[in-house]
$ cat work.pdb   # PDB, C-alpha atoms and all ligand atoms
ATOM      1  CA  MET A 447       0.000   0.000   0.000
ATOM      2  CA  LEU A 448       2.998   2.323   0.378
ATOM      3  CA  PRO A 449       3.583   5.153  -0.222
ATOM      4  CA  VAL A 450       0.781   7.428   0.969
ATOM      5  CA  VAL A 451       0.214  11.076   1.853
ATOM      6  CA  VAL A 452      -2.841  12.638   3.521
ATOM      7  CA  VAL A 453      -3.263  16.413   3.824
ATOM      8  CA  HIS A 454      -5.796  18.717   5.462
ATOM      9  CA  GLY A 455      -6.651  22.365   5.011
ATOM     10  CA  GLY A 456      -8.268  22.917   8.387
ATOM     11  CA  ALA A 457     -11.396  21.840  10.233
ATOM     12  CA  GLY A 458     -14.320  24.125  10.912
ATOM     13  CA  PHE A 459     -16.858  25.852   8.730
ATOM     14  CA  ILE A 460     -15.754  26.752   5.235
ATOM     15  CA  PRO A 461     -17.989  29.419   3.662
ATOM     16  CA  ARG A 462     -19.622  28.336   0.388
ATOM     17  CA  ASP A 463     -17.618  30.823  -1.695
ATOM     18  CA  ARG A 464     -14.344  29.386  -0.356
ATOM     19  CA  ALA A 465     -15.201  25.673  -0.420
ATOM     20  CA  GLU A 466     -14.058  25.061  -3.981
ATOM     21  CA  ILE A 467     -10.644  26.716  -3.625
ATOM     22  CA  SER A 468     -10.164  24.976  -0.302
ATOM     23  CA  CYS A 469     -10.788  21.550  -1.862
ATOM     24  CA  ALA A 470      -8.678  22.354  -4.922
ATOM     25  CA  GLY A 471      -5.706  23.358  -2.766
ATOM     26  CA  VAL A 472      -5.578  20.153  -0.731
ATOM     27  CA  ARG A 473      -5.875  18.024  -3.869
ATOM     28  CA  GLU A 474      -3.031  19.918  -5.497
ATOM     29  CA  ALA A 475      -0.886  19.567  -2.361
ATOM     30  CA  ALA A 476      -1.586  15.822  -2.104
ATOM     31  CA  ARG A 477      -0.621  15.373  -5.759
ATOM     32  CA  GLY A 478       2.579  17.406  -5.367
ATOM     33  CA  SER A 479       3.550  15.532  -2.233
ATOM     34  CA  TYR A 480       2.754  12.136  -3.762
ATOM     35  CA  ALA A 481       5.071  12.965  -6.688
ATOM     36  CA  VAL A 482       7.844  13.524  -4.134
ATOM     37  CA  LEU A 483       7.169  10.097  -2.600
ATOM     38  CA  LYS A 484       7.001   8.393  -6.004
ATOM     39  CA  SER A 485      10.377   9.818  -6.970
ATOM     40  CA  GLY A 486      11.923   8.296  -3.841
ATOM     41  CA  GLY A 487      11.641  11.309  -1.540
ATOM     42  CA  SER A 488      11.400  10.713   2.194
ATOM     43  CA  ALA A 489       8.253  11.077   4.260
ATOM     44  CA  VAL A 490       9.744  14.274   5.709
ATOM     45  CA  ASP A 491      10.343  15.632   2.172
ATOM     46  CA  ALA A 492       6.739  14.800   1.285
ATOM     47  CA  VAL A 493       5.036  16.435   4.266
ATOM     48  CA  VAL A 494       7.192  19.552   3.975
ATOM     49  CA  GLU A 495       6.327  19.769   0.259
ATOM     50  CA  ALA A 496       2.593  19.432   0.937
ATOM     51  CA  VAL A 497       2.538  21.987   3.732
ATOM     52  CA  THR A 498       4.757  24.431   1.817
ATOM     53  CA  MET A 499       2.254  24.326  -1.069
ATOM     54  CA  LEU A 500      -0.593  25.026   1.360
ATOM     55  CA  GLU A 501       1.352  27.857   3.065
ATOM     56  CA  ASN A 502       1.854  29.458  -0.351
ATOM     57  CA  ASN A 503      -1.869  29.163  -1.102
ATOM     58  CA  PRO A 504      -3.753  32.192   0.292
ATOM     59  CA  ALA A 505      -6.904  30.088   0.802
ATOM     60  CA  TYR A 506      -5.571  28.732   4.106
ATOM     61  CA  ASN A 507      -4.686  30.015   7.535
ATOM     62  CA  ALA A 508      -0.953  29.355   7.222
ATOM     63  CA  GLY A 509       1.892  31.274   5.600
ATOM     64  CA  LYS A 510       0.227  33.673   3.121
ATOM     65  CA  GLY A 511      -3.396  33.907   4.298
ATOM     66  CA  SER A 512      -2.649  33.569   8.008
ATOM     67  CA  VAL A 513      -5.167  35.092  10.376
ATOM     68  CA  LEU A 514      -4.095  38.265  12.173
ATOM     69  CA  ASN A 515      -3.428  38.763  15.847
ATOM     70  CA  VAL A 516      -5.233  41.444  17.832
ATOM     71  CA  LYS A 517      -2.708  44.048  16.696
ATOM     72  CA  GLY A 518      -3.132  43.129  13.024
ATOM     73  CA  GLY A 519       0.186  41.246  12.805
ATOM     74  CA  VAL A 520       1.036  37.764  11.514
ATOM     75  CA  GLU A 521       2.614  35.323  13.970
ATOM     76  CA  MET A 522       2.917  31.751  12.714
ATOM     77  CA  ASP A 523       3.534  28.334  14.285
ATOM     78  CA  ALA A 524       4.801  25.170  12.558
ATOM     79  CA  LEU A 525       6.031  21.679  13.408
ATOM     80  CA  VAL A 526       7.793  18.857  11.549
ATOM     81  CA  MET A 527       8.464  15.393  12.972
ATOM     82  CA  ASP A 528      10.451  12.460  11.614
ATOM     83  CA  GLY A 529       9.029   9.088  12.688
ATOM     84  CA  ARG A 530      12.345   7.271  12.144
ATOM     85  CA  THR A 531      14.164   9.001  14.980
ATOM     86  CA  LEU A 532      11.453  10.986  16.795
ATOM     87  CA  ASP A 533      13.450  14.086  15.880
ATOM     88  CA  SER A 534      11.262  17.139  15.520
ATOM     89  CA  GLY A 535      11.586  20.848  14.871
ATOM     90  CA  ALA A 536       9.191  23.703  15.458
ATOM     91  CA  VAL A 537       8.861  27.464  15.326
ATOM     92  CA  SER A 538       6.337  29.508  17.257
ATOM     93  CA  ALA A 539       5.102  33.090  16.915
ATOM     94  CA  VAL A 540       7.502  33.604  14.008
ATOM     95  CA  ARG A 541       7.136  36.629  11.724
ATOM     96  CA  GLY A 542       8.506  37.562   8.334
ATOM     97  CA  VAL A 543       9.059  34.146   6.723
ATOM     98  CA  ALA A 544       6.977  32.711   3.901
ATOM     99  CA  ASN A 545       7.314  29.061   4.890
ATOM    100  CA  PRO A 546       7.472  28.378   8.632
ATOM    101  CA  THR A 547       7.428  24.616   7.982
ATOM    102  CA  GLN A 548      10.708  24.780   6.080
ATOM    103  CA  LEU A 549      12.155  26.760   8.978
ATOM    104  CA  ALA A 550      10.845  24.141  11.437
ATOM    105  CA  ARG A 551      12.654  21.482   9.414
ATOM    106  CA  MET A 552      15.870  23.517   9.712
ATOM    107  CA  VAL A 553      15.386  23.660  13.490
ATOM    108  CA  MET A 554      15.102  19.863  13.428
ATOM    109  CA  GLU A 555      18.097  19.287  11.193
ATOM    110  CA  LYS A 556      20.484  22.133  12.061
ATOM    111  CA  THR A 557      20.076  22.704  15.797
ATOM    112  CA  SER A 558      20.062  20.618  18.956
ATOM    113  CA  HIS A 559      16.736  22.186  19.981
ATOM    114  CA  LEU A 560      13.133  21.275  19.243
ATOM    115  CA  CYS A 561      11.511  24.707  19.101
ATOM    116  CA  LEU A 562      12.611  28.297  18.464
ATOM    117  CA  THR A 563      10.262  31.183  19.080
ATOM    118  CA  ALA A 564       9.512  34.723  17.881
ATOM    119  CA  GLU A 565      12.620  36.924  17.411
ATOM    120  CA  GLY A 566      14.946  33.980  18.050
ATOM    121  CA  ALA A 567      13.266  31.983  15.299
ATOM    122  CA  LEU A 568      13.564  34.920  12.890
ATOM    123  CA  ASN A 569      17.234  35.423  13.776
ATOM    124  CA  PHE A 570      17.815  31.726  13.099
ATOM    125  CA  ALA A 571      16.062  32.085   9.729
ATOM    126  CA  ARG A 572      18.350  35.009   8.872
ATOM    127  CA  ALA A 573      21.412  32.979   9.892
ATOM    128  CA  MET A 574      20.227  30.140   7.626
ATOM    129  CA  GLY A 575      19.862  32.557   4.707
ATOM    130  CA  VAL A 576      16.054  32.237   4.590
ATOM    131  CA  PRO A 577      14.723  35.302   2.777
ATOM    132  CA  GLU A 578      12.746  37.663   4.988
ATOM    133  CA  VAL A 579       9.388  38.697   3.516
ATOM    134  CA  PRO A 580       7.374  41.842   4.325
ATOM    135  CA  GLU A 581       4.497  41.138   6.679
ATOM    136  CA  GLU A 582       2.152  42.747   4.140
ATOM    137  CA  SER A 583       2.943  39.984   1.645
ATOM    138  CA  LEU A 584       1.449  37.405   4.028
ATOM    139  CA  ILE A 585      -1.771  39.360   4.671
ATOM    140  CA  THR A 586      -4.785  38.802   2.435
ATOM    141  CA  ASP A 587      -7.812  41.116   2.093
ATOM    142  CA  TYR A 588      -9.916  38.311   3.576
ATOM    143  CA  ALA A 589      -7.730  38.059   6.696
ATOM    144  CA  ARG A 590      -7.798  41.834   7.158
ATOM    145  CA  MET A 591     -11.579  41.936   6.702
ATOM    146  CA  ARG A 592     -12.096  39.250   9.380
ATOM    147  CA  TRP A 593      -9.662  40.979  11.750
ATOM    148  CA  LYS A 594     -11.512  44.293  11.421
ATOM    149  CA  LYS A 595     -14.891  42.594  11.841
ATOM    150  CA  ASN A 596     -13.734  40.994  15.059
ATOM    151  CA  LEU A 597     -12.638  44.345  16.477
ATOM    152  CA  GLU A 598     -16.155  45.766  16.104
ATOM    153  CA  PRO A 599     -18.157  46.304  19.302
ATOM    154  CA  GLY A 600     -20.219  43.215  20.072
ATOM    155  CA  ALA A 601     -18.081  40.916  17.899
ATOM    156  CA  ASN A 602     -17.304  37.513  19.309
ATOM    157  CA  PRO A 603     -13.884  36.467  17.980
ATOM    158  CA  VAL A 604     -13.997  33.218  19.954
ATOM    159  CA  GLU A 605     -17.210  32.156  18.255
ATOM    160  CA  SER A 606     -16.005  33.221  14.857
ATOM    161  CA  GLN A 607     -12.712  31.380  15.164
ATOM    162  CA  MET A 608     -14.446  28.234  16.369
ATOM    163  CA  GLY A 609     -16.284  28.342  13.067
ATOM    164  CA  LYS A 610     -13.430  29.045  10.679
ATOM    165  CA  MET A 611     -10.082  27.367  11.110
ATOM    166  CA  GLY A 612      -7.713  26.672   8.248
ATOM    167  CA  THR A 613      -4.582  25.276   9.841
ATOM    168  CA  VAL A 614      -2.860  22.986   7.335
ATOM    169  CA  GLY A 615      -1.033  19.711   7.775
ATOM    170  CA  ALA A 616       0.134  16.452   6.263
ATOM    171  CA  VAL A 617       1.181  12.932   7.209
ATOM    172  CA  ALA A 618       3.030  10.499   4.958
ATOM    173  CA  VAL A 619       4.587   7.057   4.697
ATOM    174  CA  ASP A 620       7.420   6.785   2.176
ATOM    175  CA  VAL A 621       8.513   3.813   0.051
ATOM    176  CA  GLU A 622      10.867   2.690   2.832
ATOM    177  CA  GLY A 623       8.061   2.683   5.398
ATOM    178  CA  ASN A 624       9.186   5.814   7.226
ATOM    179  CA  LEU A 625       6.539   8.142   8.670
ATOM    180  CA  ALA A 626       6.431  11.921   9.149
ATOM    181  CA  CYS A 627       4.030  14.735   9.956
ATOM    182  CA  ALA A 628       3.997  18.497   9.442
ATOM    183  CA  THR A 629       1.522  21.159  10.576
ATOM    184  CA  SER A 630       1.454  24.933  10.012
ATOM    185  CA  THR A 631      -0.860  27.730  11.106
ATOM    186  CA  GLY A 632      -1.400  31.432  11.610
ATOM    187  CA  GLY A 633      -3.174  30.464  14.836
ATOM    188  CA  ILE A 634      -6.559  31.803  15.835
ATOM    189  CA  ILE A 635      -8.113  35.036  14.734
ATOM    190  CA  ASN A 636      -7.479  38.138  16.878
ATOM    191  CA  LYS A 637      -5.315  36.106  19.252
ATOM    192  CA  MET A 638      -3.199  37.906  21.814
ATOM    193  CA  GLU A 639       0.262  38.910  20.699
ATOM    194  CA  GLY A 640       2.654  36.088  21.656
ATOM    195  CA  ARG A 641      -0.075  33.448  21.858
ATOM    196  CA  VAL A 642       1.305  30.028  20.969
ATOM    197  CA  GLY A 643      -1.163  27.313  20.024
ATOM    198  CA  ASP A 644      -0.975  23.557  19.711
ATOM    199  CA  THR A 645       0.794  23.444  16.360
ATOM    200  CA  PRO A 646       4.453  23.755  17.470
ATOM    201  CA  CYS A 647       3.929  21.609  20.565
ATOM    202  CA  ILE A 648       5.013  18.023  19.981
ATOM    203  CA  GLY A 649       2.226  15.546  20.779
ATOM    204  CA  CYS A 650      -0.378  18.280  20.401
ATOM    205  CA  GLY A 651       0.103  19.769  16.919
ATOM    206  CA  GLY A 652       1.511  16.548  15.486
ATOM    207  CA  TYR A 653       3.389  13.362  16.211
ATOM    208  CA  ALA A 654       5.133  10.750  14.081
ATOM    209  CA  ASP A 655       6.580   7.419  15.209
ATOM    210  CA  ASN A 656       7.506   4.690  12.718
ATOM    211  CA  GLN A 657       6.374   2.105  15.250
ATOM    212  CA  ILE A 658       2.825   3.474  15.687
ATOM    213  CA  GLY A 659       1.668   6.092  13.185
ATOM    214  CA  ALA A 660       1.659   9.772  12.309
ATOM    215  CA  VAL A 661      -0.943  12.463  13.026
ATOM    216  CA  SER A 662      -1.534  16.069  11.993
ATOM    217  CA  PRO A 663      -4.488  17.791  13.693
ATOM    218  CA  THR A 664      -6.536  20.921  13.177
ATOM    219  CA  GLY A 665      -8.973  22.706  15.454
ATOM    220  CA  HIS A 666      -9.022  25.004  18.434
ATOM    221  CA  GLY A 667      -5.449  24.963  19.723
ATOM    222  CA  GLU A 668      -6.248  25.401  23.397
ATOM    223  CA  ALA A 669      -8.589  22.368  23.306
ATOM    224  CA  ILE A 670      -6.059  20.294  21.339
ATOM    225  CA  MET A 671      -3.359  21.101  23.903
ATOM    226  CA  LYS A 672      -5.561  20.155  26.864
ATOM    227  CA  VAL A 673      -5.992  16.617  25.507
ATOM    228  CA  THR A 674      -2.617  16.323  23.650
ATOM    229  CA  LEU A 675      -4.697  15.272  20.669
ATOM    230  CA  SER A 676      -2.038  13.818  18.361
ATOM    231  CA  ARG A 677      -0.478  11.624  21.019
ATOM    232  CA  LEU A 678      -3.948  10.621  22.205
ATOM    233  CA  VAL A 679      -4.788   9.269  18.730
ATOM    234  CA  LEU A 680      -1.542   7.276  18.751
ATOM    235  CA  PHE A 681      -2.218   6.028  22.273
ATOM    236  CA  HIS A 682      -5.436   4.440  21.017
ATOM    237  CA  MET A 683      -3.584   2.938  18.048
ATOM    238  CA  GLU A 684      -1.035   1.452  20.468
ATOM    239  CA  GLN A 685      -4.002  -0.179  22.201
ATOM    240  CA  GLY A 686      -4.939  -1.887  18.937
ATOM    241  CA  LYS A 687      -7.433   0.558  17.436
ATOM    242  CA  SER A 688      -7.407   1.316  13.718
ATOM    243  CA  PRO A 689      -6.461   4.861  12.649
ATOM    244  CA  LYS A 690     -10.173   5.612  12.095
ATOM    245  CA  GLU A 691     -11.306   4.199  15.452
ATOM    246  CA  ALA A 692      -8.443   5.905  17.284
ATOM    247  CA  SER A 693      -9.205   9.251  15.636
ATOM    248  CA  ASP A 694     -12.891   9.078  16.514
ATOM    249  CA  LEU A 695     -12.156   8.128  20.124
ATOM    250  CA  ALA A 696      -9.712  11.006  20.531
ATOM    251  CA  LEU A 697     -11.953  13.572  18.801
ATOM    252  CA  ASP A 698     -14.986  12.432  20.835
ATOM    253  CA  TYR A 699     -12.950  12.774  24.015
ATOM    254  CA  MET A 700     -11.876  16.320  23.079
ATOM    255  CA  LYS A 701     -15.500  17.241  22.343
ATOM    256  CA  GLU A 702     -16.886  15.763  25.561
ATOM    257  CA  ARG A 703     -14.077  16.692  27.939
ATOM    258  CA  VAL A 704     -13.215  20.247  26.812
ATOM    259  CA  LYS A 705     -15.935  21.060  24.244
ATOM    260  CA  GLY A 706     -13.327  21.240  21.490
ATOM    261  CA  LEU A 707     -13.976  20.517  17.824
ATOM    262  CA  GLY A 708     -11.367  19.628  15.256
ATOM    263  CA  GLY A 709     -10.006  17.049  12.878
ATOM    264  CA  VAL A 710      -7.018  14.818  12.155
ATOM    265  CA  VAL A 711      -5.261  13.100   9.285
ATOM    266  CA  VAL A 712      -3.570   9.857  10.313
ATOM    267  CA  VAL A 713      -1.462   7.047   8.826
ATOM    268  CA  ASP A 714      -0.162   3.812  10.286
ATOM    269  CA  PRO A 715       3.121   2.094   9.313
ATOM    270  CA  LYS A 716       1.350  -0.141   6.766
ATOM    271  CA  GLY A 717      -0.055   2.866   4.931
ATOM    272  CA  THR A 718      -3.601   2.627   6.295
ATOM    273  CA  TRP A 719      -4.894   6.198   6.363
ATOM    274  CA  THR A 720      -7.852   8.187   7.579
ATOM    275  CA  ALA A 721      -9.184  11.760   7.666
ATOM    276  CA  ARG A 722     -11.696  12.346  10.496
ATOM    277  CA  PHE A 723     -13.285  15.444  12.005
ATOM    278  CA  SER A 724     -15.849  16.489  14.595
ATOM    279  CA  SER A 725     -16.365  19.942  13.080
ATOM    280  CA  LEU A 726     -18.869  20.591  10.312
ATOM    281  CA  GLN A 727     -16.248  20.372   7.585
ATOM    282  CA  MET A 728     -12.594  19.633   6.911
ATOM    283  CA  ALA A 729     -10.925  19.920   3.529
ATOM    284  CA  TRP A 730      -8.721  16.846   3.081
ATOM    285  CA  ALA A 731      -7.087  14.797   0.344
ATOM    286  CA  ALA A 732      -5.125  11.532   0.274
ATOM    287  CA  ALA A 733      -2.955  10.051  -2.460
ATOM    288  CA  GLN A 734      -2.156   6.343  -2.646
ATOM    289  CA  GLN A 735      -1.875   3.689  -5.381
ATOM    290  CA  GLU A 736      -2.360   6.276  -8.144
ATOM    291  CA  GLN A 737      -5.734   7.321  -6.704
ATOM    292  CA  LEU A 738      -6.623  10.658  -5.190
ATOM    293  CA  HIS A 739      -9.312  10.636  -2.491
ATOM    294  CA  TYR A 740     -10.811  13.864  -1.174
ATOM    295  CA  GLY A 741     -13.715  15.331   0.715
ATOM    296  CA  LEU A 742     -15.081  18.272   2.655
ATOM    297  CA  TYR A 743     -18.234  17.078   4.465
ATOM    298  CA  HIS A 744     -18.765  14.010   6.643
ATOM    299  CA  GLY A 745     -19.152  10.824   4.640
ATOM    300  CA  GLU A 746     -17.516  12.185   1.488
ATOM    301  CA  ASP A 747     -14.747  10.206  -0.214
ATOM    302  CA  PHE A 748     -14.530  11.233  -3.856
ATOM    303  CA  THR A 749     -11.865   9.543  -5.941
ATOM    304  CA  GLU A 750     -10.084  10.364  -9.174
ATOM    305  CA  PRO A 751      -6.893   9.123 -10.832
ATOM    306  CA  ILE A 752      -3.740  11.002  -9.922
TER     307      ILE A 752
HETATM  308  N1  LIG B 801      -4.836  24.703  15.744
HETATM  309  C1  LIG B 801      -4.272  25.932  15.450
HETATM  310  C2  LIG B 801      -4.279  26.894  16.547
HETATM  311  O1  LIG B 801      -5.197  26.903  17.345
HETATM  312  O2  LIG B 801      -3.365  27.671  16.637
END

$ encode --input "work.pdb" --output "structure tokens" --more "lines below"
Ligand code: GLY
Amino acid sequence: MLPVVVVHGGAGFIPRDRAEISCAGVREAARGSYAVLKSGGSAVDAVVEAVTMLENNPAYNAGKGSVLNVKGGVEMDALVMDGRTLDSGAVSAVRGVANPTQLARMVMEKTSHLCLTAEGALNFARAMGVPEVPEESLITDYARMRWKKNLEPGANPVESQMGKMGTVGAVAVDVEGNLACATSTGGIINKMEGRVGDTPCIGCGGYADNQIGAVSPTGHGEAIMKVTLSRLVLFHMEQGKSPKEASDLALDYMKERVKGLGGVVVVDPKGTWTARFSSLQMAWAAAQQEQLHYGLYHGEDFTEPI
């Protein structure tokens, strides 16, 4: 069944006028990432490729298109994990880079640390020769419109962000049976400056272990952190549950215990995959055996040749 890649473009409510571009973007990213796997690329190469494509796509809340913090700035979080070694790298509250996931990979591969934050992460990017980009280039009209709307008297940013997520992520198994995950986000709309969500926190915003599986989640970061969602999915898989059963158990627990909604994409070492969510929608796509699967609403699994 190997190789396989599964990507998501965020759980929540996707307005009708954005549904098509949201679905198109995850399909494109799954195809691009699958091509990396087919040409012998590693699982880490594949997830970084998928998430980079989604960060560059303004339809999602990651990289270009990130939501804005309360001051109108862009602070991004990202995580990469290699299931062979359990090495991981993350950046939190980073500004001024186009692809936080690529920077997270550099943290994993070029430092002895697991996470760099804010100014320190940007200084590291500069030292690595990563081009700095103007904040304006990451801000879309849509993000600015939502930010302004949530500053209006009577607005309820918490409610609005519960409805519209857009974090992106990917999990993959390569031809050698190695697993990896990557997740990237602009966080939650009108968040406090310096807020760090689940995404860069290992076990919360992702986990990959060749012996168990790999997970990339999406949803309300504070809820995901309270239940360490990614590691919780893998805990259930260690107890013998399938990726689908484990995902549903973990998402149900998050809903019941902390009233949190979200979604996950998951693979196991054999290449069994799933995309599950407790929110109304989640844009997802999976590529395996020359078939592309995708969906947006519960129960959907459209297929087309790659
Ligand atoms: N899950 C993304 C965030 O809450 O930051």

$ closest_residue --input "work.pdb" --among "A:Gln657, A:Gln727, A:Thr664, A:Asn545" --to "Asp528 (chain A)" --atoms "only C-alpha atoms"
A:Gln657

$ closest_residue --input "work.pdb" --among "A:Met552, A:Val540, A:Ala496, A:Ala470" --to "Glu578 (chain A)" --atoms "all atoms listed in the file"
A:Val540

$ resolve_selection --input "work.pdb" --expression "the PyMOL selection byres (((chain A and resi 509-517) around 6) and not hetatm)" --output "ChimeraX atom specification"
/A:501-502,504,506-508,518-520,544-545,584-586,589,632,635-638

$ residues_near_ligand --input "work.pdb" --ligand "ligand LIG 801 (chain B)" --cutoff "6 Å" --atoms "only C-alpha atoms and all ligand atoms" --output "ChimeraX atom specification"
/A:613,631,633-634,643-645,664-667

$ write_last_selection --input "work.pdb" --atoms "C-alpha atoms" --output "PDB file, in the coordinates of the input"
ATOM      1  CA  THR A 613      -4.582  25.276   9.841  1.00  0.00           C
ATOM      2  CA  THR A 631      -0.860  27.730  11.106  1.00  0.00           C
ATOM      3  CA  GLY A 633      -3.174  30.464  14.836  1.00  0.00           C
ATOM      4  CA  ILE A 634      -6.559  31.803  15.835  1.00  0.00           C
ATOM      5  CA  GLY A 643      -1.163  27.313  20.024  1.00  0.00           C
ATOM      6  CA  ASP A 644      -0.975  23.557  19.711  1.00  0.00           C
ATOM      7  CA  THR A 645       0.794  23.444  16.360  1.00  0.00           C
ATOM      8  CA  THR A 664      -6.536  20.921  13.177  1.00  0.00           C
ATOM      9  CA  GLY A 665      -8.973  22.706  15.454  1.00  0.00           C
ATOM     10  CA  HIS A 666      -9.022  25.004  18.434  1.00  0.00           C
ATOM     11  CA  GLY A 667      -5.449  24.963  19.723  1.00  0.00           C
TER      12      GLY A 667
END

$ residues_near_point --input "work.pdb" --point "(-13.5, 31.8, -1.7)" --cutoff "12 Å" --atoms "all atoms listed in the file" --output "PyMOL selection string"
chain A and resi 460-471+503-506+511+586-589

$ atom_distance --input "work.pdb" --atom1 "CA of Ala660 (chain A)" --atom2 "CA of Met522 (chain A)"
22.0 Å

$ resolve_selection --input "work.pdb" --expression "the PyMOL selection byres (((chain A and resi 733) around 10) and not hetatm)" --output "list in words"
Pro449, Val450, Val451, Val452, Val453, Arg473, Ala475, Ala476, Arg477, Gly478, Ser479, Tyr480, Ala481, Ala618, Trp719, Ala731, Ala732, Gln734, Gln735, Glu736, Gln737, Leu738, His739, Tyr740, Thr749, Glu750, Pro751 and Ile752 of chain A

$ closest_residue --input "work.pdb" --among "A:Ala492, A:Leu726, A:Met527, A:Leu532" --to "Cys627 (chain A)" --atoms "all atoms listed in the file"
A:Met527

$ closest_residue --input "work.pdb" --among "A:Asn624, A:Ser693, A:Asn656, A:Ser534" --to "Leu562 (chain A)" --atoms "all atoms listed in the file"
A:Ser534

$ closest_residue --input "work.pdb" --among "A:Gly745, A:Pro546, A:Pro646, A:Gly458" --to "Pro577 (chain A)" --atoms "all atoms listed in the file"
A:Pro546

$ resolve_selection --input "work.pdb" --expression "the PyMOL selection byres (((chain A and resi 677) around 10) and not hetatm)" --output "ChimeraX atom specification"
/A:648-654,659-661,673-676,678-683,696

$ atom_distance --input "work.pdb" --atom1 "CA of Gly708 (chain A)" --atom2 "CA of Val526 (chain A)"
19.5 Å

$ residues_around --input "work.pdb" --residues "Arg541 (chain A)" --least-positions-apart "3" --cutoff "8 Å" --atoms "only C-alpha atoms" --output "count of residues only"
7

$ closest_residue --input "work.pdb" --among "A:Cys561, A:Val712, A:Ala729, A:Met700" --to "Leu525 (chain A)" --atoms "only C-alpha atoms"
A:Cys561

$ atom_distance --input "work.pdb" --atom1 "CA of Tyr699 (chain A)" --atom2 "CA of Ser538 (chain A)"
26.4 Å

$ decode --input "work.pdb" --residues "region 715-720 of chain A" --atoms "all heavy atoms" --output "CSV table (one decimal), in the first residue's frame"
chain,number,residue,atom,x,y,z
A,715,PRO,N,1.9,2.5,10.0
A,715,PRO,CA,3.1,2.1,9.3
A,715,PRO,C,2.9,1.2,8.1
A,715,PRO,O,3.7,1.2,7.2
A,715,PRO,CB,3.9,1.3,10.4
A,715,PRO,CG,3.4,1.8,11.7
A,715,PRO,CD,2.0,2.1,11.5
A,716,LYS,N,1.7,0.7,8.0
A,716,LYS,CA,1.3,-0.1,6.8
A,716,LYS,C,0.8,0.7,5.6
A,716,LYS,O,0.6,0.2,4.5
A,716,LYS,CB,0.3,-1.2,7.1
A,716,LYS,CG,0.7,-2.3,8.0
A,716,LYS,CD,-0.4,-3.3,8.1
A,716,LYS,CE,-0.2,-4.2,9.3
A,716,LYS,NZ,-1.4,-4.6,10.0
A,717,GLY,N,0.5,2.0,5.9
A,717,GLY,CA,-0.1,2.9,4.9
A,717,GLY,C,-1.6,3.0,5.0
A,717,GLY,O,-2.2,3.6,4.2
A,718,THR,N,-2.2,2.4,6.1
A,718,THR,CA,-3.6,2.6,6.3
A,718,THR,C,-3.8,4.1,6.7
A,718,THR,O,-3.0,4.6,7.5
A,718,THR,CB,-4.1,1.8,7.5
A,718,THR,OG1,-3.6,0.4,7.3
A,718,THR,CG2,-5.6,1.8,7.6
A,719,TRP,N,-4.7,4.8,6.1
A,719,TRP,CA,-4.9,6.2,6.4
A,719,TRP,C,-6.3,6.5,6.7
A,719,TRP,O,-7.3,5.8,6.4
A,719,TRP,CB,-4.4,7.0,5.2
A,719,TRP,CG,-5.3,6.8,3.9
A,719,TRP,CD1,-5.0,5.9,2.9
A,719,TRP,CD2,-6.5,7.5,3.5
A,719,TRP,NE1,-6.0,5.9,2.0
A,719,TRP,CE2,-6.9,6.9,2.3
A,719,TRP,CE3,-7.2,8.5,4.1
A,719,TRP,CZ2,-8.0,7.3,1.6
A,719,TRP,CZ3,-8.3,9.0,3.4
A,719,TRP,CH2,-8.7,8.4,2.2
A,720,THR,N,-6.5,7.7,7.3
A,720,THR,CA,-7.9,8.2,7.6
A,720,THR,C,-7.8,9.7,7.7
A,720,THR,O,-6.8,10.3,8.0
A,720,THR,CB,-8.5,7.5,8.8
A,720,THR,OG1,-9.9,7.8,8.9
A,720,THR,CG2,-7.9,8.1,10.1
